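Some notes on the structure that comes next.
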Amino acid sequence: MTDSDNTGQQVLLGCVADDFTGATDLANTLVQNGLSTVQLLGVPDAETAVPDAGAVVVALKSRTNPVREAVSQSLAAIDWLRRAGAEQLFFKYCSTFDSTEDGNIGPVAEAFLEALGADFTIACPAFPTNGRTIYQGHLFVGAALLSESSMRDHPLTPMTDANLVRFLGQQTKAPVGLVGFETVAAGAEEIRDAFERLRAEGTRMAIVDAVTDDHLRAIGAACADLALVTGGSGVALGLPDNFRRAGRLQDTGPADFVPQVPGPAVVISGSCSPATLAQVATMREQCPTFGIEPLELATGRDLVAEALDWARPRLDDQPILISASAPPEKVREVQDKLGVMAAGELVERAFAGIAKGLAEAGVRRWVVAGGETSGSVVSALGVRALRIGPEIAPGVPCTVSMDEPPLALALKSGNFGGPEFFFEALDAMP
Ligand code: ADP
């Protein structure tokens, strides 16, 4: 960013997210609600400059770390955010409350309360736009209870209890309470009164019911004086308005301003989710495409060098696609032969090498499909900070890196976006 982009906005909201695309999703919600936002990758250190933005989201990869590691990384992140001036802290986790009975949501939230000297917070993963709602403390995914949704079979964090009061209670020492639907529907003042009653009873955390965005806005308003708010990206909807009402937010320009980044464009796809498969099928009909075949990589074939030789002469013409995406039966075949983790790592390493080589060849605009794939590409590119721009599709903003030279990046988790997403993203990054 140049000095002319400087709006002088002080950091108001400091956020810690337990995974990379979750952080981007939260940043997108904040920007959509008028709070300029910068996303930092990993725990910032003393050298990291405090961005000129109303919110800073620190993206960790701590969801499935051992509890102690997740807590210490998260504490280091809020320590930096408080020094940067953040007046309120937000702990972001998945809208399906992805965690195990041992943690990490409860322990990280408790550690934050202690560090802040605070005695009460909420836990509200609801995200109605994506079908995640909470009623009587029970989390629903669409019409199904969380425990009867596909999350029941998640390989790392199987969610077998939809009762969040009970489930969070297993992760924390202090009792967990509930602010139920009737109170939430009655509005911000009633919700704030309920917080006070629970606090007086010694409750440190409360699950809060929410079925609509209006509920989330009322909950957000009721949280104005809390030092810490925890939840999914949905409950962040209402937080920028608190700063606006308090006269702390300078609405001097659009919150989603990012500079234009000219230069060659590439789409990298390592997601095998259905939405991505449709996007790859659409783009390969119209643009040059290079396929990454994991079984070939496993033989030692240097597909990184081959992809770069293929890509370099094409960069100035039109966007190109480099894809490992494959349908479930092909992925299973690869995983049976190589192992699930090994197959993933092999492909991610290849993409990291390709990304480095393409950056050296002058690529400046990147569309990346896949959460893990995005993580490996962004770290290969050495990106440490992203300014969040306009939304391309629900949950996916256009971003621009704050390093030199600036890179435009659209980072998409697997199932986001319609079949034309890659072209929409390229159009949004002119
Ligand atoms: P999503 O957001 O859809 O889950 P990710 O990038 O997070 O996408 O995860 C996809 C994983 O699958 C990555 O580890 C990637 O390297 C791996 N992968 C990509 N293509 C293949 C393939 N053809 N066979 C096996 N694994 C693959």
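Labeling convention for the structure tokens: chains A, B, ... as they appear, residues from 1 per chain, ligands from 1 in order of appearance.
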
Each chain A residue no farther than 7 Å from ligand 1, nearest pair in Å, only C-alpha atoms and all ligand atoms, as a Markdown table:
```
| residue | atom | partner | partner_atom_place_in_ligand_line | distance |
| --- | --- | --- | --- | --- |
| A:Gly270 | CA | ligand 1 | 19 (C) | 4.2 |
| A:Ser271 | CA | ligand 1 | 8 (O) | 3.6 |
| A:Cys272 | CA | ligand 1 | 3 (O) | 5.2 |
| A:Ser273 | CA | ligand 1 | 3 (O) | 4.5 |
| A:Glu293 | CA | ligand 1 | 23 (N) | 6.2 |
| A:Pro294 | CA | ligand 1 | 23 (N) | 5.9 |
| A:Ala324 | CA | ligand 1 | 20 (N) | 4.2 |
| A:Ser325 | CA | ligand 1 | 20 (N) | 4.5 |
| A:Ala326 | CA | ligand 1 | 23 (N) | 4.7 |
| A:Lys330 | CA | ligand 1 | 23 (N) | 6.6 |
| A:Val331 | CA | ligand 1 | 24 (N) | 4.1 |
| A:Val334 | CA | ligand 1 | 24 (N) | 5.4 |
| A:Gln335 | CA | ligand 1 | 25 (C) | 5.9 |
| A:Ala343 | CA | ligand 1 | 26 (N) | 5.2 |
| A:Gly344 | CA | ligand 1 | 14 (O) | 3.4 |
| A:Glu345 | CA | ligand 1 | 16 (O) | 5.8 |
| A:Leu346 | CA | ligand 1 | 16 (O) | 6.7 |
| A:Val347 | CA | ligand 1 | 16 (O) | 4.3 |
| A:Glu348 | CA | ligand 1 | 16 (O) | 4.5 |
| A:Ala369 | CA | ligand 1 | 6 (O) | 6.6 |
| A:Gly370 | CA | ligand 1 | 6 (O) | 3.3 |
| A:Gly371 | CA | ligand 1 | 7 (O) | 3.7 |
| A:Glu372 | CA | ligand 1 | 7 (O) | 3.6 |
| A:Thr373 | CA | ligand 1 | 6 (O) | 3.8 |
| A:Ser374 | CA | ligand 1 | 6 (O) | 6.5 |
| A:Ser413 | CA | ligand 1 | 2 (O) | 4.0 |
| A:Gly414 | CA | ligand 1 | 3 (O) | 3.1 |
| A:Asn415 | CA | ligand 1 | 3 (O) | 6.2 |
```

Query - alpha helix (DSSP H) positions in segment 250-373 of chain A, given as an NGL selection string - result: :A and (274-284 or 294-298 or 303-311 or 328-338 or 340-360 or 371-373)

**Report entry** Using only C-alpha atoms: which of A:Asp119, A:Asp256, A:Asp161, A:Asp153 has the shortest distance to Thr203 of chain A
**Finding:** A:Asp119

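For the pair atom CA of Ala218 of chain A and atom CA of His138 of chain A, the interatomic distance is 19.3 Å.
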
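The protein and nucleic acid residues lying at most 10 Å from Pro240 of chain A are A:Leu12, A:Leu13, A:Thr29, A:Leu30, A:Val31, A:Gln32, A:Asn33, A:Gly34, A:Leu35, A:Ser36, A:Gly54, A:Ala55, A:Gly220, A:Ala221, A:Ala224, A:Ala236, A:Leu237, A:Gly238, A:Asn242, A:Phe243, A:Arg244, A:Arg245, A:Arg248, A:Leu249, with only C-alpha atoms considered and sequence neighbours fewer than 2 positions away removed.
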
Pick out the residues sitting within 6 Å of Asp18 of chain A, and hand them over as a PDB file with C-alpha atoms, in the first residue's frame; count only C-alpha atoms, and ignore anything fewer than 6 positions along from it in its own chain.
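Ended up saving to out-v9.pdb:
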```
ATOM      1  CA  LEU A  60      -3.778 -19.357  12.405  1.00  0.00           C
ATOM      2  CA  LYS A  61      -3.873 -23.037  11.545  1.00  0.00           C
ATOM      3  CA  SER A  62      -4.705 -24.130  15.083  1.00  0.00           C
ATOM      4  CA  ARG A  63      -8.045 -25.909  14.815  1.00  0.00           C
ATOM      5  CA  TYR A  93     -14.045 -20.685  14.586  1.00  0.00           C
TER       6      TYR A  93
END
```

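Of the listed residues (A:Leu226, A:Thr172, A:Val378, A:Met205), A:Leu226 comes nearest to Arg192 of chain A; the distances count only C-alpha atoms.
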
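The shell of residues at most 10 Å from Cys223 of chain A, with only C-alpha atoms counted and near chain neighbours (fewer than 5 positions) removed, consists of Gln88, Thr121, Ile122, Ala188, Ile191, Arg192, Phe195, Arg217, Ala218, Leu228, Val229, Val235, Gly238, Leu239 and Asn242 of chain A.
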
Can I get the selected residues back with N, CA, C and O atoms, as an mmCIF file, in the first residue's frame?
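Output contents, as saved in again_33.cif:
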```cif
data_model
loop_
_atom_site.group_PDB
_atom_site.id
_atom_site.type_symbol
_atom_site.label_atom_id
_atom_site.label_comp_id
_atom_site.auth_asym_id
_atom_site.auth_seq_id
_atom_site.Cartn_x
_atom_site.Cartn_y
_atom_site.Cartn_z
ATOM 1 N N GLN A 88 -11.594 -4.346 20.967
ATOM 2 C CA GLN A 88 -12.417 -5.538 21.221
ATOM 3 C C GLN A 88 -11.762 -6.709 20.487
ATOM 4 O O GLN A 88 -11.187 -6.521 19.411
ATOM 5 N N THR A 121 -18.244 -14.114 28.056
ATOM 6 C CA THR A 121 -18.307 -13.969 26.593
ATOM 7 C C THR A 121 -19.400 -14.880 26.040
ATOM 8 O O THR A 121 -19.984 -15.686 26.774
ATOM 9 N N ILE A 122 -19.641 -14.719 24.753
ATOM 10 C CA ILE A 122 -20.634 -15.577 24.110
ATOM 11 C C ILE A 122 -19.930 -16.537 23.144
ATOM 12 O O ILE A 122 -18.789 -16.312 22.741
ATOM 13 N N ALA A 188 -31.819 -6.475 21.193
ATOM 14 C CA ALA A 188 -30.500 -6.279 21.815
ATOM 15 C C ALA A 188 -30.578 -6.031 23.321
ATOM 16 O O ALA A 188 -29.773 -6.555 24.094
ATOM 17 N N ILE A 191 -31.248 -9.128 25.239
ATOM 18 C CA ILE A 191 -30.071 -10.018 25.176
ATOM 19 C C ILE A 191 -29.018 -9.530 26.165
ATOM 20 O O ILE A 191 -28.435 -10.318 26.921
ATOM 21 N N ARG A 192 -28.815 -8.210 26.203
ATOM 22 C CA ARG A 192 -27.823 -7.643 27.132
ATOM 23 C C ARG A 192 -28.219 -7.940 28.575
ATOM 24 O O ARG A 192 -27.376 -8.306 29.400
ATOM 25 N N PHE A 195 -27.288 -11.429 29.356
ATOM 26 C CA PHE A 195 -25.843 -11.543 29.623
ATOM 27 C C PHE A 195 -25.570 -11.177 31.089
ATOM 28 O O PHE A 195 -24.823 -11.864 31.788
ATOM 29 N N ARG A 217 -27.534 -9.499 14.110
ATOM 30 C CA ARG A 217 -27.300 -8.056 14.290
ATOM 31 C C ARG A 217 -27.666 -7.618 15.709
ATOM 32 O O ARG A 217 -26.962 -6.819 16.325
ATOM 33 N N ALA A 218 -28.770 -8.160 16.228
ATOM 34 C CA ALA A 218 -29.174 -7.810 17.604
ATOM 35 C C ALA A 218 -28.137 -8.328 18.603
ATOM 36 O O ALA A 218 -27.763 -7.634 19.552
ATOM 37 N N LEU A 228 -14.500 -9.565 24.716
ATOM 38 C CA LEU A 228 -14.265 -10.701 23.811
ATOM 39 C C LEU A 228 -15.591 -11.229 23.280
ATOM 40 O O LEU A 228 -16.537 -11.435 24.043
ATOM 41 N N VAL A 229 -15.639 -11.450 21.961
ATOM 42 C CA VAL A 229 -16.786 -12.113 21.338
ATOM 43 C C VAL A 229 -16.231 -13.344 20.648
ATOM 44 O O VAL A 229 -15.146 -13.290 20.056
ATOM 45 N N VAL A 235 -21.765 -13.791 13.360
ATOM 46 C CA VAL A 235 -22.040 -12.902 14.487
ATOM 47 C C VAL A 235 -21.201 -11.624 14.407
ATOM 48 O O VAL A 235 -21.478 -10.637 15.092
ATOM 49 N N GLY A 238 -22.806 -7.707 13.097
ATOM 50 C CA GLY A 238 -23.322 -6.561 13.846
ATOM 51 C C GLY A 238 -22.244 -5.748 14.536
ATOM 52 O O GLY A 238 -22.551 -4.707 15.121
ATOM 53 N N LEU A 239 -20.988 -6.181 14.493
ATOM 54 C CA LEU A 239 -19.970 -5.499 15.299
ATOM 55 C C LEU A 239 -19.528 -4.136 14.733
ATOM 56 O O LEU A 239 -19.353 -3.187 15.501
ATOM 57 N N ASN A 242 -21.424 -1.132 16.062
ATOM 58 C CA ASN A 242 -21.140 -0.669 17.434
ATOM 59 C C ASN A 242 -20.109 0.444 17.414
ATOM 60 O O ASN A 242 -20.240 1.440 18.110
#
```

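Using only C-alpha atoms, the protein and nucleic acid residues lying no more than 8 Å from Leu75 of chain A, apart from those fewer than 3 places from it along its own chain, are A:Val71, A:Ser72, A:Ile78, A:Asp79, A:Ala111, A:Phe112, A:Ala115.
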
Report task. Using backbone DSSP assignments, extract all strand (DSSP E or B) residues from segment 278-426 of chain A; output them as number ranges by chain. Result -> A: 289-291, 320-323, 365-369, 385-393, 396-401, 408-412

**Report entry** Pick from A:Thr276, A:Thr100, A:Ser401, A:Thr282, whichever lies nearest to Leu168 of chain A using only C-alpha atoms
**Finding:** A:Thr100

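Between atom CA of Met159 of chain A and atom CA of Asp98 of chain A the interatomic distance comes to 7.0 Å.
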
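Take the candidates A:Leu40, A:Val176, A:Ala17, A:Val50 and check each one against Val108 of chain A using only C-alpha atoms; the shortest distance goes to A:Ala17.
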
Query - Exercise: Ala275 of chain A partners within 7 Å, only C-alpha atoms, chain neighbours under 4 positions left out, as a VMD selection string - result: chain A and resid 279 414 to 419

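The gap separating atom CA of Asp225 of chain A from atom CA of Ala186 of chain A is 19.0 Å, in Å to one decimal.
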